[in-house]
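Source file: my_file_27.cif (mmCIF, C-alpha atoms)
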data_data
loop_
_atom_site.label_atom_id
_atom_site.label_comp_id
_atom_site.auth_asym_id
_atom_site.auth_seq_id
_atom_site.Cartn_x
_atom_site.Cartn_y
_atom_site.Cartn_z
CA MET P 1 -1.08 29.93 -27.30
CA LYS P 2 -1.82 26.21 -27.07
CA LYS P 3 -3.12 24.93 -23.75
CA VAL P 4 -2.11 21.68 -22.03
CA LEU P 5 -4.18 20.20 -19.22
CA ILE P 6 -2.04 18.17 -16.82
CA VAL P 7 -3.91 15.67 -14.65
CA THR P 8 -1.25 13.68 -12.88
CA ARG P 9 0.13 14.61 -9.49
CA THR P 10 3.78 13.83 -10.19
CA PHE P 11 4.23 15.89 -13.36
CA GLY P 12 6.83 18.50 -12.47
CA LYS P 13 6.84 17.44 -8.81
CA TYR P 14 10.55 16.66 -8.53
CA SER P 15 11.85 18.83 -11.34
CA GLN P 16 10.62 22.05 -12.91
CA GLU P 17 12.24 21.04 -16.21
CA PRO P 18 9.18 19.45 -17.89
CA ILE P 19 7.01 22.49 -17.07
CA ASP P 20 9.69 24.85 -18.32
CA PHE P 21 10.07 22.73 -21.46
CA LEU P 22 6.38 23.09 -22.31
CA ARG P 23 6.33 26.82 -21.59
CA LYS P 24 9.53 27.40 -23.56
CA ASN P 25 7.80 25.81 -26.54
CA GLY P 26 4.82 28.13 -26.28
CA PHE P 27 2.33 26.14 -24.20
CA GLU P 28 0.16 27.33 -21.35
CA THR P 29 -0.01 24.65 -18.65
CA ILE P 30 -3.12 24.05 -16.56
CA ARG P 31 -2.95 21.77 -13.51
CA ALA P 32 -5.94 19.87 -12.13
CA ASP P 33 -6.63 16.98 -9.75
CA THR P 34 -9.51 15.64 -11.84
CA ILE P 35 -10.70 15.96 -15.41
CA ASP P 36 -13.44 18.54 -15.85
CA PRO P 37 -15.20 17.90 -19.19
CA ASP P 38 -15.82 21.63 -19.56
CA VAL P 39 -12.09 22.34 -19.30
CA LEU P 40 -11.43 19.82 -22.09
CA LYS P 41 -13.47 22.07 -24.38
CA ASP P 42 -10.83 24.76 -23.95
CA VAL P 43 -7.52 22.85 -24.10
CA ASP P 44 -5.52 21.41 -26.98
CA ALA P 45 -3.64 18.61 -25.22
CA LEU P 46 -4.05 16.37 -22.21
CA ILE P 47 -1.29 14.79 -20.14
CA VAL P 48 -2.99 12.22 -17.93
CA GLY P 49 -2.12 9.52 -15.44
CA THR P 50 -4.72 7.03 -14.22
CA HIS P 51 -7.85 9.24 -14.36
CA PRO P 52 -10.58 7.91 -16.68
CA VAL P 53 -10.81 9.60 -20.08
CA THR P 54 -14.21 8.55 -21.38
CA ALA P 55 -15.67 8.56 -24.88
CA GLU P 56 -18.03 11.38 -23.89
CA MET P 57 -15.13 13.49 -22.64
CA ILE P 58 -13.20 12.96 -25.85
CA GLU P 59 -16.13 13.52 -28.19
CA ASN P 60 -17.01 16.85 -26.57
CA SER P 61 -13.45 18.15 -26.31
CA ARG P 62 -11.18 20.11 -28.59
CA LEU P 63 -8.25 17.81 -27.77
CA LYS P 64 -5.72 17.16 -30.50
CA ILE P 65 -3.47 14.76 -28.56
CA ILE P 66 -3.60 12.70 -25.35
CA ALA P 67 -0.25 11.88 -23.76
CA LYS P 68 -0.47 9.10 -21.19
CA HIS P 69 1.87 9.61 -18.25
CA GLY P 70 2.72 5.91 -18.08
CA VAL P 71 2.11 2.89 -20.31
CA GLY P 72 -1.27 1.40 -19.36
CA VAL P 73 -4.07 2.93 -21.45
CA ASP P 74 -7.03 1.00 -20.03
CA ASN P 75 -8.28 4.29 -18.54
CA ILE P 76 -8.53 5.94 -21.98
CA ASP P 77 -11.24 5.20 -24.56
CA LEU P 78 -8.96 4.49 -27.50
CA ASN P 79 -11.84 3.89 -29.89
CA ALA P 80 -13.26 7.35 -29.25
CA ALA P 81 -9.80 8.87 -29.72
CA LYS P 82 -9.41 6.98 -33.01
CA LYS P 83 -12.75 8.25 -34.30
CA LYS P 84 -11.65 11.83 -33.71
CA GLY P 85 -8.17 11.23 -35.11
CA ILE P 86 -6.54 11.96 -31.75
CA PRO P 87 -3.20 10.19 -31.19
CA VAL P 88 -2.73 8.63 -27.76
CA THR P 89 0.91 8.28 -26.75
CA ILE P 90 2.59 6.42 -23.91
CA THR P 91 5.91 6.85 -22.14
CA SER P 92 7.25 3.49 -23.27
CA GLY P 93 10.18 2.25 -21.23
CA ALA P 94 10.22 5.20 -18.85
CA ASN P 95 9.14 3.21 -15.80
CA SER P 96 10.33 -0.26 -16.80
CA LEU P 97 13.34 -0.30 -14.52
CA SER P 98 11.42 1.02 -11.51
CA VAL P 99 8.56 -1.50 -11.83
CA ALA P 100 11.02 -4.34 -12.41
CA GLU P 101 12.97 -3.39 -9.29
CA LEU P 102 9.77 -3.38 -7.22
CA THR P 103 8.97 -6.85 -8.57
CA ILE P 104 12.37 -8.12 -7.46
CA ALA P 105 11.88 -6.44 -4.08
CA PHE P 106 8.61 -8.33 -3.69
CA ILE P 107 10.37 -11.61 -4.50
CA PHE P 108 12.86 -11.03 -1.69
CA ALA P 109 10.20 -9.78 0.74
CA LEU P 110 8.02 -12.82 0.13
CA SER P 111 10.84 -15.36 0.18
CA ARG P 112 12.20 -14.12 3.53
CA GLY P 113 8.93 -13.05 5.20
CA LEU P 114 10.33 -9.55 5.68
CA VAL P 115 7.02 -7.76 6.24
CA TRP P 116 5.81 -10.36 8.73
CA ALA P 117 9.14 -10.29 10.57
CA HIS P 118 9.12 -6.49 10.73
CA ASN P 119 5.57 -6.36 12.06
CA ARG P 120 6.26 -8.97 14.75
CA LEU P 121 9.28 -7.11 16.10
CA PHE P 122 8.53 -3.46 15.41
CA GLN P 123 4.78 -3.39 16.09
CA GLU P 124 4.24 -6.34 18.44
CA LYS P 125 7.70 -6.23 20.11
CA LYS P 126 8.00 -10.00 19.74
CA TRP P 127 11.41 -11.54 19.06
CA GLU P 128 10.48 -14.38 16.75
CA GLY P 129 12.46 -15.81 13.90
CA THR P 130 11.03 -16.84 10.56
CA ILE P 131 12.35 -19.46 8.18
CA GLY P 132 12.66 -18.16 4.64
CA GLN P 133 14.13 -19.55 1.46
CA GLU P 134 16.88 -18.56 -0.91
CA VAL P 135 15.94 -17.07 -4.26
CA SER P 136 18.85 -18.58 -6.17
CA GLY P 137 17.83 -21.79 -7.89
CA LYS P 138 14.12 -21.08 -7.65
CA THR P 139 11.90 -20.82 -10.72
CA LEU P 140 10.29 -17.52 -11.67
CA GLY P 141 7.41 -17.57 -14.13
CA VAL P 142 7.10 -14.28 -16.03
CA ILE P 143 3.82 -13.68 -17.85
CA GLY P 144 4.42 -11.00 -20.47
CA PHE P 145 7.75 -10.23 -22.11
CA GLY P 146 7.39 -6.52 -22.78
CA ALA P 147 9.81 -3.87 -21.56
CA ILE P 148 9.09 -4.49 -17.87
CA GLY P 149 9.02 -8.26 -18.20
CA ARG P 150 12.41 -8.16 -19.92
CA GLU P 151 13.92 -6.13 -17.09
CA VAL P 152 12.54 -8.57 -14.52
CA VAL P 153 13.98 -11.50 -16.45
CA LYS P 154 17.39 -9.82 -16.69
CA LYS P 155 17.55 -9.26 -12.94
CA ALA P 156 16.18 -12.67 -12.01
CA VAL P 157 18.77 -14.43 -14.18
CA CYS P 158 21.52 -12.45 -12.43
CA LEU P 159 20.14 -13.72 -9.11
CA GLY P 160 20.56 -17.29 -10.27
CA MET P 161 16.88 -17.97 -10.81
CA ASN P 162 15.50 -20.28 -13.47
CA VAL P 163 13.09 -18.18 -15.54
CA LEU P 164 10.12 -19.34 -17.60
CA VAL P 165 8.39 -16.85 -19.92
CA TYR P 166 4.90 -17.05 -21.35
CA ASP P 167 4.07 -14.54 -24.08
CA PRO P 168 2.43 -15.77 -27.29
CA TYR P 169 3.14 -12.43 -28.99
CA VAL P 170 6.94 -12.52 -28.90
CA SER P 171 9.44 -14.82 -30.57
CA LYS P 172 10.92 -17.68 -28.61
CA ASP P 173 14.37 -16.72 -29.82
CA SER P 174 14.14 -13.30 -28.16
CA VAL P 175 13.23 -15.01 -24.89
CA ARG P 176 16.12 -17.46 -25.19
CA LEU P 177 18.54 -14.59 -25.82
CA SER P 178 17.68 -13.33 -22.34
CA GLU P 179 18.71 -16.73 -20.91
CA ALA P 180 15.09 -17.55 -20.05
CA THR P 181 13.01 -20.49 -21.27
CA PRO P 182 9.92 -19.77 -23.40
CA VAL P 183 6.82 -21.86 -22.73
CA ASP P 184 3.77 -22.30 -24.96
CA ASP P 185 1.38 -23.23 -22.19
CA LEU P 186 0.43 -20.88 -19.35
CA ASP P 187 -0.74 -23.82 -17.26
CA HIS P 188 2.75 -25.34 -17.48
CA LEU P 189 4.34 -22.10 -16.25
CA LEU P 190 1.90 -21.88 -13.33
CA GLY P 191 2.59 -25.44 -12.26
CA GLU P 192 6.39 -25.21 -12.42
CA SER P 193 7.03 -21.77 -10.89
CA ASP P 194 7.95 -20.86 -7.33
CA PHE P 195 7.11 -17.22 -8.10
CA VAL P 196 4.65 -16.02 -10.76
CA SER P 197 4.86 -12.39 -11.87
CA LEU P 198 2.40 -10.59 -14.17
CA HIS P 199 3.55 -8.07 -16.79
CA VAL P 200 0.74 -7.77 -19.34
CA PRO P 201 -1.68 -4.96 -20.23
CA LEU P 202 -5.27 -5.06 -19.04
CA ASN P 203 -7.81 -5.68 -21.78
CA GLU P 204 -10.78 -7.95 -22.36
CA SER P 205 -8.59 -10.94 -23.14
CA THR P 206 -6.45 -10.56 -20.00
CA ARG P 207 -9.07 -9.49 -17.44
CA ASN P 208 -9.14 -12.02 -14.57
CA MET P 209 -6.58 -14.15 -16.42
CA ILE P 210 -5.49 -15.43 -13.00
CA GLY P 211 -8.59 -16.89 -11.39
CA GLU P 212 -9.49 -19.85 -9.21
CA ARG P 213 -8.53 -22.44 -11.84
CA GLU P 214 -5.16 -20.84 -12.58
CA ILE P 215 -4.31 -20.45 -8.88
CA SER P 216 -5.21 -24.10 -8.29
CA LEU P 217 -2.46 -25.07 -10.73
CA MET P 218 0.22 -23.28 -8.70
CA LYS P 219 2.37 -24.97 -6.06
CA LYS P 220 1.17 -24.58 -2.47
CA SER P 221 4.61 -23.11 -1.78
CA ALA P 222 4.39 -20.56 -4.63
CA PHE P 223 3.90 -16.81 -4.55
CA LEU P 224 1.92 -14.57 -6.93
CA ILE P 225 3.13 -11.04 -7.75
CA ASN P 226 1.17 -8.39 -9.64
CA THR P 227 2.76 -5.02 -10.42
CA SER P 228 0.84 -4.57 -13.69
CA ARG P 229 -2.94 -4.00 -13.45
CA GLY P 230 -5.34 -5.09 -10.73
CA GLY P 231 -7.97 -6.45 -13.08
CA LEU P 232 -5.62 -9.24 -14.19
CA VAL P 233 -6.30 -11.14 -10.97
CA ASP P 234 -9.65 -12.35 -9.65
CA GLU P 235 -9.28 -10.89 -6.18
CA GLU P 236 -12.06 -12.99 -4.68
CA ALA P 237 -10.32 -16.14 -5.86
CA LEU P 238 -6.98 -14.84 -4.55
CA VAL P 239 -8.40 -14.13 -1.09
CA LYS P 240 -9.86 -17.63 -0.93
CA ALA P 241 -6.56 -19.19 -1.98
CA LEU P 242 -4.53 -17.16 0.52
CA LYS P 243 -6.84 -17.92 3.43
CA GLU P 244 -7.00 -21.62 2.60
CA GLY P 245 -3.26 -21.96 2.02
CA LYS P 246 -3.64 -22.90 -1.64
CA ILE P 247 -0.55 -20.73 -2.31
CA ALA P 248 2.04 -19.45 0.15
CA GLY P 249 1.47 -15.75 -0.40
CA ALA P 250 1.14 -12.85 -2.80
CA ALA P 251 2.24 -9.26 -3.36
CA LEU P 252 -0.01 -6.68 -5.03
CA ASP P 253 0.91 -3.17 -6.10
CA VAL P 254 -2.31 -2.85 -8.09
CA PHE P 255 -5.99 -3.53 -7.43
CA SER P 256 -9.20 -3.89 -9.42
CA GLU P 257 -10.48 -0.81 -7.61
CA GLU P 258 -8.01 1.88 -6.60
CA PRO P 259 -7.82 2.68 -3.83
CA PRO P 260 -9.35 -0.58 -2.58
CA ASP P 261 -12.18 -0.43 -0.07
CA SER P 262 -10.85 -0.29 3.47
CA ASN P 263 -13.05 -3.29 4.28
CA SER P 264 -11.68 -5.36 1.41
CA PRO P 265 -11.14 -9.01 2.42
CA LEU P 266 -7.66 -8.68 0.93
CA PHE P 267 -6.64 -6.89 4.10
CA GLU P 268 -7.61 -9.94 6.13
CA CYS P 269 -4.84 -12.00 4.49
CA SER P 270 -1.70 -12.08 6.64
CA ASN P 271 0.27 -13.68 3.80
CA LEU P 272 -0.33 -10.75 1.45
CA ILE P 273 1.94 -7.73 0.88
CA THR P 274 0.23 -4.60 -0.48
CA THR P 275 1.50 -1.28 -1.80
CA ALA P 276 -0.40 1.65 -3.26
CA HIS P 277 0.43 1.40 -7.00
CA ILE P 278 3.97 2.66 -6.42
CA GLY P 279 5.71 0.65 -9.14
CA ALA P 280 6.57 3.69 -11.26
CA HIS P 281 7.05 6.00 -8.30
CA THR P 282 10.76 6.65 -8.33
CA LYS P 283 12.19 10.08 -9.00
CA GLU P 284 14.06 8.76 -12.01
CA ALA P 285 11.02 7.11 -13.62
CA ILE P 286 8.80 10.10 -12.93
CA TYR P 287 11.31 12.44 -14.56
CA ARG P 288 11.51 10.23 -17.64
CA MET P 289 7.71 10.01 -17.89
CA ASN P 290 7.41 13.78 -17.43
CA MET P 291 9.82 14.56 -20.22
CA MET P 292 8.50 11.93 -22.64
CA ALA P 293 4.89 13.05 -22.23
CA ALA P 294 5.88 16.69 -22.68
CA GLN P 295 8.01 15.81 -25.72
CA ALA P 296 5.06 14.03 -27.35
CA VAL P 297 2.93 17.17 -27.05
CA VAL P 298 5.68 19.44 -28.35
CA ASP P 299 6.47 17.12 -31.26
CA PHE P 300 2.82 16.90 -32.31
CA PHE P 301 2.30 20.65 -32.49
CA SER P 302 5.66 21.00 -34.24
CA GLY P 303 4.28 18.98 -37.15
CA LYS P 304 5.77 15.63 -36.17
CA ILE P 305 4.14 12.29 -35.46
CA PRO P 306 5.10 11.69 -31.82
CA LYS P 307 6.75 8.49 -30.70
CA TYR P 308 4.85 5.62 -29.10
CA VAL P 309 1.37 6.23 -30.52
CA VAL P 310 -0.73 3.30 -29.29
CA ASN P 311 -3.81 3.83 -31.47
CA GLU P 312 -1.75 3.35 -34.62
CA GLU P 313 -4.80 3.68 -36.88
CA VAL P 314 -4.52 7.48 -36.64
CA ILE P 315 -0.95 7.59 -37.98
CA ASP P 316 -2.03 7.48 -41.63
CA LEU P 317 -4.46 10.31 -40.95
CA LEU P 318 -1.67 12.36 -39.37
CA LYS P 319 0.52 11.73 -42.40
CA ARG P 320 -2.24 12.94 -44.72
CA LYS P 321 -2.40 16.10 -42.63
CA GLY P 322 1.28 16.65 -43.31
CA LEU P 323 2.84 15.49 -40.05
CA GLN P 324 6.27 13.96 -40.48
CA GLU P 325 7.57 10.83 -38.81
CA ILE P 326 10.46 11.26 -36.41
CA SER P 327 13.56 9.57 -37.79
#

Represent the structure of the file as structure tokens.
Amino acid sequence: MKKVLIVTRTFGKYSQEPIDFLRKNGFETIRADTIDPDVLKDVDALIVGTHPVTAEMIENSRLKIIAKHGVGVDNIDLNAAKKKGIPVTITSGANSLSVAELTIAFIFALSRGLVWAHNRLFQEKKWEGTIGQEVSGKTLGVIGFGAIGREVVKKAVCLGMNVLVYDPYVSKDSVRLSEATPVDDLDHLLGESDFVSLHVPLNESTRNMIGEREISLMKKSAFLINTSRGGLVDEEALVKALKEGKIAGAALDVFSEEPPDSNSPLFECSNLITTAHIGAHTKEAIYRMNMMAAQAVVDFFSGKIPKYVVNEEVIDLLKRKGLQEIS
């Protein structure tokens, strides 16, 4: 019997179906809160969330497939997986709607000062009004036009927002079809937008892509939103900008270190909204991620090349081993 190690708290939390699906297909499931390298020597597949999967872990394992419970793979050493011919899959599109909805929620919360207003009345018992602004007619700058970025654009357009999109890896025509305006220059987007929202993966080219210089290009009345990966934003530069009023505010669902230190200067910024990486945490998104990750494992051991393999270099190797592509 093949063994699957599951290291993500929400797998099977709201529905027994993904667990039953694996067991029905002949897999023994093992749950854990962390990855024990010794356990990896005795399992065939890994379903993982945000826990680090290092080169050493992979090299000394008997893993045949790694199924990411989500889309960001910056916690997995893809090069080590490639060397061992291990496909790494993602649950593409499963959480797009949920993350996009959180992004839109942040736009409303920032524009109307909802968190500040709640705290003043509910915690401090002070009846004080706050002057917000309407979202309709404002400009949203979307950095990254992947599945989540597209959903954000779709919703923002419906709200009457003007949307600019910066993504050098997608065609301008596809952006225009969404009723948004493609821009070639990130600096232009930063300078024109009332809200800037990040939707790109974290890698060496995107790390700290929003730093002191980029923030200085934004309007003093603008807001920065990050529901993607914490490392995209230079947090020290953001704190400085928020405290000095260089931008009006920000909303972060993700941090460079998770959880952030309780003494982080971010928590000194009254114009910052923070949540604990909850973008994909809806029952619907979790169910979709559960089933897609489980399906990838089942497909692989059924002799099929699973969908959404991110280290595509291994696909030819899998074909030579006789695995068939899913039509």

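This file gives the following result for the PyMOL selection byres ((chain P and resi 315) around 10): Lys82, Gly85, Ile86, Pro87, Ile305, Pro306, Val309, Val310, Asn311, Glu312, Glu313, Val314, Asp316, Leu317, Leu318, Lys319, Arg320, Lys321, Leu323, Gln324 and Glu325 of chain P.
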
Just need the box for region 263-271 of chain P, edges along x, y and z, holding every atom the file lists for it with 4 Å tacked onto each side, so centre and edge lengths in Å to one decimal, as AutoDock Vina command-line options.
--center_x -6.4 --center_y -8.5 --center_z 3.8 --size_x 21.3 --size_y 18.4 --size_z 13.7

Using only C-alpha atoms - which residues lie no farther than 7 Å from the point (3.0, -6.8, 5.0) in the file's frame? Write them as a CSV table (one decimal) with C-alpha atoms, keeping the file's coordinate frame.
chain,number,residue,atom,x,y,z
P,115,VAL,CA,7.0,-7.8,6.2
P,116,TRP,CA,5.8,-10.4,8.7
P,272,LEU,CA,-0.3,-10.8,1.4
P,273,ILE,CA,1.9,-7.7,0.9
P,274,THR,CA,0.2,-4.6,-0.5

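Among P:Asn203, P:Ser216, P:Thr275, P:Thr130, the residue with the shortest atom-to-atom distance to Pro259 (chain P), counting all atoms listed in the file, is P:Thr275.
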
Exercise. Starting from the shown file, work through the PyMOL selection byres ((chain P and resi 243) around 10) and note down what comes out as a list of chain:residue names.
Key: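 For this structure, the PyMOL selection byres ((chain P and resi 243) around 10) resolves to P:Leu238, P:Val239, P:Lys240, P:Ala241, P:Leu242, P:Glu244, P:Gly245, P:Lys246, P:Ile247, P:Ala248, P:Gly249, P:Pro265, P:Leu266, P:Glu268, P:Cys269, P:Ser270, P:Asn271, P:Leu272.
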
Quiz item: Which residue, P:Gly129, P:Pro260, P:Gly70, P:Gly26, has the smallest gap to Ile286 (chain P) when you use only C-alpha atoms?
Solution: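 When distances to Ile286 (chain P) are compared using only C-alpha atoms, the smallest one comes from P:Gly70.
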